[in-house]
Amino acid sequence: MAAKSDGAAVPSRTQIPADCPSRPDRQPPQSLHAEQRYSPADCCWTLGALLVFFSDGASDLWLAADYYLRREYWFFALTLVFVIVPSVVVQVLSFRWFAYDFCDTPESGTAAAAVVAASSGADTNDLNAKDGGERGAGRSAAAAAGVLPGPATVGRARGCCRVFVWLFQAVVHILQLAQVWRYVRALYLGVQSRWHREPERRHYYWRMMFESADISILRLLESFLKSAPQLVLQLSIMIITGRVLPLQGLSASASLMSLAWMVASYQKVLRDSRDDKLPMSYKAVMVQILWHLFTIGARALAFALFASVFQLYFGIFIVAHWCIMTFWIIQGETDFCMSKWEEIIYNMMVGIVYVFCWFSVREGRTRCRMLTYSLTVFIENVALTATWYLYRGPRYSDFYGVVMVCVVASSYALGTFFMFVYYCLLHPDGPVSSWGYIVEKQAAVETPVSPMSSLPPDVVSSPPRTLQRIKDREQGSGLDGDVFQVRPPRGPRAPVRHPSPRTEGPVIRIDLPRKSYPAWDAHYIDRRLRKTILVLESAAPVAPRIQYRCLGTPKEVMEYETTV
């Protein structure tokens, strides 16, 4: 990654750089996140997510206590296990993220030093943190002390504050409230971005987007590890016992709402984080919630009906379905994480999601994949429900059996209807064409006249983006570890290659291609890259923009660059 931090002129946002060949078939989206602001609707959405989280967790704990008081210890144990184990997993992952983000690293200090040295042009020697540039790094680090203070330079008060933060975060995670803290922090950062002006507004908005990305990933993981099995468990208990307690209905409803909410919320935050995709409106989000609410509800009820009669075969079916879905995802060669083993673990987690609902993990046309998955789920639901109807036993009347079958069928039909409504009317990129994938609406969008309202495909305005996972062919391209270099101007500036007007401001140039949607930009996954870019953004006098290298183009060395 090359971070140009001298504030020199850069190409206009409406112009594709010379090192990136023109792509007439792909135009930038009409709405970009550089001008996107935190709205009252975003605040209400975060408060609604908090309400869903509390209702889901509180109803499960209340129901577990009720089972204990009724001396139904087996139901109590199962309910409590599906609450505690997923929550602990999420807390450990969240605390690990916090520990890395809060700890000082050499990369962060060197990045700040690089920005300050580049801004002042103080030294003509290269600053190299790994190749013996300790002398220049020391001078630049001293200049950067006012930009990024560390515990070794600010004294005892700073150290006490850091200890308090560690203790506070430890208590929060021990109490299983990491999600609440992250929601509150995202709400605070969003409000701050609304109250401040540039460049503080963008500073807070970037951090709000990072926090929203973290909480959406954590909550999605927690929902399918906790709410999904909890929903099937409570529905199975209702069918086996032949009664529906108010707390059971409340717990099942809260779990179902949590699942539908988090799938839709994840998709919205993912789209909001990428400026190469149009953002999702809240009307589309609500339709997505209804889509997943009915399809997951039908799926869970079919599972519960089958599990009430064939517990062993139900376990075998779930494991077999998960293995098939995971293998299907792996053979599709997804590109979400920064290493091969992380990618495999991620694919295994997405396999759990595929047990209950559709989840896009690859770019391009998803018509065939979505049709294949939908037909598979439909056939499985029919087979599971029909098997239960045939082997339900004399305790369930024919009328009861017909009602259950109709509920499963009607719920899945309603979910499919809302899916068509979303894709035909409310999809951000445009409607579908004859059950095909999205019509390429972006190619027909006219570029706005304003130079601040459009970007080429490889230029990112906000929030910052990160590196593609380094593949074997890229490992020999000359990237050697974490190296921060500052090169002052040498001689007259090279002739301008772009005849169009140029915009002043720093640009962080990333020397690898950008990840393709629906993957997160690698910056959201690689905490080291996020931390480094945030330091560069904090130290730069003007909020920097991010530029990715186009595929098949050679690396261009800028006058001042910070190489990671």
# chains A, B, ... in the order shown; residues from 1 in each chain; ligands from 1
>>> residues_around(residues="Ile525 of chain A", least_positions_apart="4", cutoff="10 Å", atoms="only C-alpha atoms", output="PDB file with N, CA, C and O atoms, in the first residue's frame")
ATOM      1  N   PHE A 210     -16.925   1.756  10.817  1.00  0.00           N
ATOM      2  CA  PHE A 210     -16.120   0.629  11.287  1.00  0.00           C
ATOM      3  C   PHE A 210     -16.814  -0.092  12.443  1.00  0.00           C
ATOM      4  O   PHE A 210     -16.856  -1.314  12.501  1.00  0.00           O
ATOM      5  N   ALA A 213     -19.768  -2.038  11.175  1.00  0.00           N
ATOM      6  CA  ALA A 213     -19.344  -3.271  10.519  1.00  0.00           C
ATOM      7  C   ALA A 213     -19.017  -4.342  11.552  1.00  0.00           C
ATOM      8  O   ALA A 213     -19.411  -5.512  11.407  1.00  0.00           O
ATOM      9  N   ASP A 214     -18.298  -3.964  12.606  1.00  0.00           N
ATOM     10  CA  ASP A 214     -17.950  -4.936  13.646  1.00  0.00           C
ATOM     11  C   ASP A 214     -19.180  -5.510  14.317  1.00  0.00           C
ATOM     12  O   ASP A 214     -19.304  -6.724  14.495  1.00  0.00           O
ATOM     13  N   PHE A 336     -13.168 -13.507   1.207  1.00  0.00           N
ATOM     14  CA  PHE A 336     -13.580 -12.616   2.278  1.00  0.00           C
ATOM     15  C   PHE A 336     -12.444 -12.298   3.230  1.00  0.00           C
ATOM     16  O   PHE A 336     -12.353 -11.184   3.735  1.00  0.00           O
ATOM     17  N   CYS A 337     -11.616 -13.270   3.539  1.00  0.00           N
ATOM     18  CA  CYS A 337     -10.619 -13.122   4.604  1.00  0.00           C
ATOM     19  C   CYS A 337      -9.226 -12.937   4.024  1.00  0.00           C
ATOM     20  O   CYS A 337      -9.016 -12.980   2.815  1.00  0.00           O
ATOM     21  N   MET A 338      -8.250 -12.775   4.944  1.00  0.00           N
ATOM     22  CA  MET A 338      -6.896 -12.445   4.551  1.00  0.00           C
ATOM     23  C   MET A 338      -5.981 -13.661   4.455  1.00  0.00           C
ATOM     24  O   MET A 338      -4.848 -13.542   4.038  1.00  0.00           O
ATOM     25  N   THR A 466      -9.217  -1.482   2.133  1.00  0.00           N
ATOM     26  CA  THR A 466      -7.978  -2.183   2.436  1.00  0.00           C
ATOM     27  C   THR A 466      -7.582  -3.131   1.340  1.00  0.00           C
ATOM     28  O   THR A 466      -8.152  -3.168   0.265  1.00  0.00           O
ATOM     29  N   LEU A 467      -6.624  -3.964   1.690  1.00  0.00           N
ATOM     30  CA  LEU A 467      -5.946  -4.775   0.705  1.00  0.00           C
ATOM     31  C   LEU A 467      -6.688  -6.063   0.408  1.00  0.00           C
ATOM     32  O   LEU A 467      -7.335  -6.638   1.253  1.00  0.00           O
ATOM     33  N   ALA A 519     -17.993  -9.165  -0.750  1.00  0.00           N
ATOM     34  CA  ALA A 519     -16.991  -9.214   0.309  1.00  0.00           C
ATOM     35  C   ALA A 519     -16.787  -7.827   0.899  1.00  0.00           C
ATOM     36  O   ALA A 519     -16.948  -6.815   0.220  1.00  0.00           O
ATOM     37  N   TRP A 520     -16.459  -7.790   2.187  1.00  0.00           N
ATOM     38  CA  TRP A 520     -16.051  -6.527   2.795  1.00  0.00           C
ATOM     39  C   TRP A 520     -14.719  -6.112   2.191  1.00  0.00           C
ATOM     40  O   TRP A 520     -13.892  -6.951   1.818  1.00  0.00           O
ATOM     41  N   ASP A 521     -14.499  -4.818   2.091  1.00  0.00           N
ATOM     42  CA  ASP A 521     -13.147  -4.379   1.794  1.00  0.00           C
ATOM     43  C   ASP A 521     -12.234  -4.893   2.895  1.00  0.00           C
ATOM     44  O   ASP A 521     -12.590  -4.867   4.079  1.00  0.00           O
ATOM     45  N   LEU A 529      -4.439  -3.176   9.093  1.00  0.00           N
ATOM     46  CA  LEU A 529      -4.618  -2.192   8.031  1.00  0.00           C
ATOM     47  C   LEU A 529      -5.574  -1.087   8.458  1.00  0.00           C
ATOM     48  O   LEU A 529      -5.345   0.093   8.180  1.00  0.00           O
ATOM     49  N   ARG A 530      -6.628  -1.461   9.147  1.00  0.00           N
ATOM     50  CA  ARG A 530      -7.564  -0.441   9.617  1.00  0.00           C
ATOM     51  C   ARG A 530      -6.878   0.536  10.553  1.00  0.00           C
ATOM     52  O   ARG A 530      -7.046   1.754  10.447  1.00  0.00           O
TER      53      ARG A 530
END
>>> residues_around(residues="segment 256-259 of chain A", least_positions_apart="5", cutoff="10 Å", atoms="only C-alpha atoms", output="PyMOL selection string")
chain A and resi 49+51-57+219-220+222-224+226-228+230-232+250-251+264-265+289-290+292-294+296-297+300+353+356-357
>>> write_last_selection(atoms="N, CA and C atoms", output="compact mmCIF listing (two decimals), in the first residue's frame")
# COMPACT_ATOMS: atom_id res chain seq x y z
N ALA A 49 -32.17 -1.92 16.80
CA ALA A 49 -31.29 -3.08 16.93
C ALA A 49 -31.01 -3.40 18.40
N LEU A 51 -33.08 -2.77 20.86
CA LEU A 51 -34.32 -3.35 21.37
C LEU A 51 -34.45 -4.81 20.99
N VAL A 52 -34.10 -5.15 19.75
CA VAL A 52 -34.14 -6.55 19.31
C VAL A 52 -33.16 -7.39 20.11
N PHE A 53 -31.97 -6.86 20.34
CA PHE A 53 -30.97 -7.60 21.11
C PHE A 53 -31.45 -7.89 22.53
N PHE A 54 -31.97 -6.88 23.21
CA PHE A 54 -32.41 -7.07 24.59
C PHE A 54 -33.62 -7.99 24.66
N SER A 55 -34.55 -7.85 23.75
CA SER A 55 -35.74 -8.70 23.78
C SER A 55 -35.38 -10.16 23.53
N ASP A 56 -34.44 -10.41 22.64
CA ASP A 56 -34.03 -11.79 22.37
C ASP A 56 -33.34 -12.41 23.57
N GLY A 57 -32.34 -11.72 24.13
CA GLY A 57 -31.62 -12.29 25.27
C GLY A 57 -32.47 -12.38 26.52
N ARG A 219 -23.13 -9.68 15.58
CA ARG A 219 -24.53 -10.02 15.81
C ARG A 219 -25.03 -11.07 14.82
N LEU A 220 -24.53 -11.03 13.59
CA LEU A 220 -24.92 -12.07 12.64
C LEU A 220 -24.42 -13.43 13.11
N GLU A 222 -23.73 -14.28 16.23
CA GLU A 222 -24.48 -14.66 17.43
C GLU A 222 -25.88 -15.13 17.09
N SER A 223 -26.52 -14.49 16.13
CA SER A 223 -27.89 -14.85 15.78
C SER A 223 -27.99 -16.29 15.28
N PHE A 224 -27.08 -16.69 14.42
CA PHE A 224 -27.17 -18.03 13.87
C PHE A 224 -26.56 -19.09 14.77
N LYS A 226 -27.06 -18.71 18.22
CA LYS A 226 -27.95 -18.71 19.38
C LYS A 226 -29.43 -18.68 18.99
N SER A 227 -29.83 -17.68 18.25
CA SER A 227 -31.26 -17.50 17.97
C SER A 227 -31.82 -18.59 17.08
N ALA A 228 -31.05 -19.03 16.08
CA ALA A 228 -31.56 -20.06 15.17
C ALA A 228 -31.80 -21.39 15.89
N GLN A 230 -32.15 -21.82 19.06
CA GLN A 230 -33.15 -21.55 20.09
C GLN A 230 -34.57 -21.57 19.51
N LEU A 231 -34.72 -21.01 18.33
CA LEU A 231 -36.03 -21.01 17.68
C LEU A 231 -36.50 -22.43 17.38
N VAL A 232 -35.63 -23.25 16.81
CA VAL A 232 -36.01 -24.64 16.52
C VAL A 232 -36.30 -25.41 17.80
N LEU A 250 -43.05 -15.88 23.17
CA LEU A 250 -42.25 -14.65 23.18
C LEU A 250 -40.81 -14.93 22.79
N SER A 251 -40.24 -15.99 23.35
CA SER A 251 -38.85 -16.33 23.03
C SER A 251 -38.69 -16.70 21.56
N ALA A 264 -30.82 -8.69 7.35
CA ALA A 264 -31.06 -7.46 6.61
C ALA A 264 -30.10 -6.35 7.03
N SER A 265 -29.82 -6.25 8.33
CA SER A 265 -28.90 -5.22 8.81
C SER A 265 -27.49 -5.45 8.27
N ILE A 289 -36.47 -7.75 5.74
CA ILE A 289 -36.80 -8.35 7.04
C ILE A 289 -38.02 -9.26 6.89
N LEU A 290 -39.06 -8.80 6.19
CA LEU A 290 -40.24 -9.64 5.98
C LEU A 290 -39.90 -10.88 5.16
N HIS A 292 -37.00 -12.54 5.01
CA HIS A 292 -36.31 -13.53 5.85
C HIS A 292 -37.16 -13.98 7.03
N LEU A 293 -38.05 -13.12 7.50
CA LEU A 293 -38.91 -13.50 8.61
C LEU A 293 -39.78 -14.70 8.24
N PHE A 294 -40.38 -14.66 7.07
CA PHE A 294 -41.29 -15.74 6.68
C PHE A 294 -40.54 -16.97 6.18
N ILE A 296 -37.38 -17.97 6.98
CA ILE A 296 -36.73 -18.63 8.12
C ILE A 296 -37.77 -19.24 9.05
N GLY A 297 -38.92 -18.56 9.21
CA GLY A 297 -39.98 -19.13 10.03
C GLY A 297 -40.49 -20.45 9.48
N ALA A 300 -37.68 -23.09 10.03
CA ALA A 300 -37.56 -23.52 11.42
C ALA A 300 -38.74 -24.40 11.83
N VAL A 353 -25.31 -20.49 8.21
CA VAL A 353 -26.35 -19.58 7.73
C VAL A 353 -27.16 -20.24 6.62
N PHE A 356 -30.42 -22.20 7.12
CA PHE A 356 -31.69 -21.54 7.36
C PHE A 356 -32.10 -20.59 6.24
N CYS A 357 -31.18 -19.89 5.60
CA CYS A 357 -31.59 -18.90 4.61
C CYS A 357 -30.48 -18.68 3.60
>>> select_by_dssp(residues="segment 194-429 of chain A", states="helix (DSSP H, G or I)", output="number ranges by chain")
A: 194-195, 200-241, 246-273, 282-307, 311-331, 340-354, 367-390, 398-426
>>> residues_around(residues="Leu390 of chain A", least_positions_apart="2", cutoff="12 Å", atoms="only C-alpha atoms", output="list in words")
Leu305, Phe306, Val309, Ala383, Leu384, Thr385, Ala386, Thr387, Trp388, Arg392, Gly393, Pro394, Tyr396, Ser397, Asp398, Gly401, Val402 and Val405 of chain A
